[in-house]
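Visitor: Here's a structure for you.
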Amino acid sequence: MNKVNLPLTVGETGLEEARTVSHSQQTLTHVTTPLDANLTGNVFGGVILAAVDRVAGVSAARHSGGPCVTASFDQVDFRSPISIGEIVTLAASVNYVGRTSMEVGVRVTAEGVLDDQPRHTNSCYVTMVAIDDAGRPRPVPKLILEDATQYRRYIDASARRGARRSLAEARRQRDS
Ligand SMILES: CC(C)(COP(=O)(O)OP(=O)(O)OC[C@H]1O[C@@H](n2cnc3c(N)ncnc32)[C@H](O)[C@@H]1OP(=O)(O)O)[C@@H](O)C(=O)NCCC(=O)NCCS
């Protein structure tokens, strides 16, 4: 990756306002209970997805300064089951901002109460769109990238945005 001067401000609106990634980073912790179980006795995947959506929504609302809706979830792979009684931690960070949309990355880890190390169970990329009072997309502030990790996530998110657009275009052509 080419050397880049940080901090770097990115975004697609004419808004003057810009916010750092750390301004909207969020962590949500959930202790799983039998109410979260699926038929195998582990945690139901939908419980994790709901928590991902919730924490991504808070992060997007903080970055954009108002309400947001979920436009899409990228592919989600569950790498390992989560047992009932484990502590699940979700860390959300805005990776990318477009004109009215934001990609929020959510890293999910799980650990037993007595474990030394959490294990990474999945990562999700959620596109949230900021909306106005009429439910129309509204412009979002730019994003200030302050370190190499934030820059790498931004570059990766740009590639995913390109891939999403290509897929949407391919679907449009197929359906027309
Ligand atoms: C998300 C929503 C507001 C987009 O409205 P729209 O009229 O399609 O808006 P636009 O075409 O102008 O797109 C607005 C932005 O959303 C992005 N977007 C729209 N659909 C998307 C999708 N499926 N995946 C990723 N991004 C998407 C666009 O790329 C654009 O981003 P940009 O402004 O940063 O370039 C609208 O589709 C909606 O309200 N969906 C329902 C959301 C909801 O209820 N979620 C909860 C589910 S229960």
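Each chain in the structure tokens gets a letter, A, B, ..., in the order shown, and its residues are numbered from 1; ligands are numbered from 1 in order too.
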Give the strand (DSSP E) residues of range 6-167 of chain A, as DSSP finds them on the backbone, and put them as a PyMOL selection string.

Guide: chain A and resi 8-10+18-20+26-31+68-73+87-97+101-111+119-130+142-145

Visitor: Could you tell me, counting only C-alpha atoms and all ligand atoms, which protein and nucleic acid residues lie no more than 10 Å from ligand 1, written as a ChimeraX atom specification?

Guide: /A:11-13,53,68-74,96-103,126-132,135-140,160-162,164-165,168

Visitor: Please report as CSV every residue of range 8-47 of chain A lying within 6 Å of range 87-93 of chain A, along with the nearest atom pair and their distance in Å (one decimal), using only C-alpha atoms.

Guide:
residue,atom,partner,partner_atom,distance
A:Gln25,CA,A:Ser93,CA,4.7
A:Gln26,CA,A:Ala92,CA,5.1
A:Thr27,CA,A:Ala91,CA,4.5
A:Leu28,CA,A:Leu90,CA,5.1
A:Thr29,CA,A:Thr89,CA,4.5
A:His30,CA,A:Val88,CA,5.1
A:Val31,CA,A:Ile87,CA,4.5

Visitor: Could you dump the residues just selected with C-alpha atoms as a short mmCIF file (atom, residue, chain, number, x, y, z; two decimals), in the first residue's frame?

Guide:
data_model
loop_
_atom_site.label_atom_id
_atom_site.label_comp_id
_atom_site.auth_asym_id
_atom_site.auth_seq_id
_atom_site.Cartn_x
_atom_site.Cartn_y
_atom_site.Cartn_z
CA GLN A 25 -16.88 3.89 17.49
CA GLN A 26 -19.16 1.80 19.69
CA THR A 27 -18.88 -1.37 21.75
CA LEU A 28 -21.86 -3.46 22.79
CA THR A 29 -21.56 -6.38 25.21
CA HIS A 30 -24.19 -9.10 25.55
CA VAL A 31 -24.21 -12.03 27.97
#

Visitor: Can you list, as a VMD selection string, all residues belonging to range 5-163 of chain A that DSSP tags as alpha helix (DSSP H)?

Guide: chain A and resid 21 to 24 45 to 64 148 to 163

Visitor: Output C-alpha atoms of each residue in that selection to a file, as a short mmCIF file (atom, residue, chain, number, x, y, z; two decimals), in the first residue's frame.

Guide:
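Okay, this is what ended up in result-v2.cif:
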data_model
loop_
_atom_site.label_atom_id
_atom_site.label_comp_id
_atom_site.auth_asym_id
_atom_site.auth_seq_id
_atom_site.Cartn_x
_atom_site.Cartn_y
_atom_site.Cartn_z
CA VAL A 21 -13.63 7.47 13.19
CA SER A 22 -13.22 7.36 16.97
CA HIS A 23 -16.10 9.83 17.42
CA SER A 24 -18.60 7.13 16.45
CA GLY A 45 -27.45 -16.51 14.45
CA GLY A 46 -30.30 -13.99 14.24
CA VAL A 47 -29.56 -12.83 17.81
CA ILE A 48 -26.07 -11.88 16.71
CA LEU A 49 -27.32 -10.21 13.51
CA ALA A 50 -29.84 -8.13 15.49
CA ALA A 51 -27.07 -6.97 17.83
CA VAL A 52 -24.83 -6.17 14.82
CA ASP A 53 -27.62 -4.10 13.26
CA ARG A 54 -28.22 -2.27 16.56
CA VAL A 55 -24.60 -1.35 17.23
CA ALA A 56 -24.01 -0.38 13.58
CA GLY A 57 -27.08 1.85 13.76
CA VAL A 58 -25.77 3.66 16.83
CA SER A 59 -22.39 4.18 15.22
CA ALA A 60 -23.95 5.53 12.00
CA ALA A 61 -26.32 7.81 13.92
CA ARG A 62 -23.41 9.25 15.88
CA HIS A 63 -21.35 9.85 12.75
CA SER A 64 -24.22 11.38 10.78
CA ALA A 148 -3.04 3.10 9.20
CA THR A 149 -5.74 0.65 10.34
CA GLN A 150 -8.51 3.16 9.61
CA TYR A 151 -6.95 3.86 6.21
CA ARG A 152 -6.69 0.12 5.38
CA ARG A 153 -10.35 -0.40 6.39
CA TYR A 154 -11.36 2.56 4.20
CA ILE A 155 -9.54 1.11 1.17
CA ASP A 156 -11.08 -2.33 1.74
CA ALA A 157 -14.54 -0.74 2.16
CA SER A 158 -14.09 1.21 -1.12
CA ALA A 159 -13.46 -2.08 -2.91
CA ARG A 160 -16.59 -3.63 -1.33
CA ARG A 161 -18.64 -0.58 -2.38
CA GLY A 162 -17.40 -1.02 -5.96
CA ALA A 163 -18.33 -4.71 -5.85
#

Visitor: Can you work out which one of A:Val94, A:Ser123, A:Thr40, A:Asn5 has the shortest atom-to-atom distance to Leu143 in chain A, counting only C-alpha atoms?

Guide: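 With only C-alpha atoms as the atom set, the closest residue is A:Val94.
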
Visitor: Expressed in Å to a single decimal, how great is the separation between CA of Val104 in chain A and CA of Arg172 in chain A?

Guide: 25.2 Å

Visitor: In terms of the shortest atom-to-atom distance over only C-alpha atoms, which of A:Gly105, A:Gly112, A:Pro118, A:Gly65 is closest to Ala18 in chain A?

Guide: A:Gly65

Visitor: Determine, counting only C-alpha atoms, which protein, DNA and RNA residues have an atom within 8 Å of an atom of Ile82 in chain A; residues of the same chain fewer than 5 positions away are not included. Present the result as JSON, numbers by chain.

Guide: {"A": [42, 43, 110, 121]}

Visitor: Let's have the selection written as a PDB file, in the first residue's frame, with N, CA and C atoms.

Guide:
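File result-v2.pdb, as written:
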ATOM      1  N   ASN A  42     -26.868 -23.852  20.936  1.00  0.00           N
ATOM      2  CA  ASN A  42     -25.941 -22.710  20.822  1.00  0.00           C
ATOM      3  C   ASN A  42     -26.751 -21.440  20.528  1.00  0.00           C
ATOM      4  N   VAL A  43     -26.016 -20.344  20.343  1.00  0.00           N
ATOM      5  CA  VAL A  43     -26.719 -19.075  20.107  1.00  0.00           C
ATOM      6  C   VAL A  43     -27.275 -19.012  18.685  1.00  0.00           C
ATOM      7  N   ALA A 110     -16.350 -13.669  21.091  1.00  0.00           N
ATOM      8  CA  ALA A 110     -17.057 -14.343  22.187  1.00  0.00           C
ATOM      9  C   ALA A 110     -16.026 -14.928  23.138  1.00  0.00           C
ATOM     10  N   THR A 121     -15.569 -14.482  16.190  1.00  0.00           N
ATOM     11  CA  THR A 121     -16.593 -15.380  15.640  1.00  0.00           C
ATOM     12  C   THR A 121     -17.095 -14.909  14.274  1.00  0.00           C
TER      13      THR A 121
END

Visitor: What is the distance between CA of Leu15 in chain A and CA of Pro141 in chain A, in Å to one decimal?

Guide: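 Taking CA of Leu15 in chain A and CA of Pro141 in chain A, their separation equals 6.1 Å.
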
Visitor: Just how far from CA of Ala37 in chain A is CA of Arg119 in chain A, in Å to one decimal?

Guide: 19.2 Å
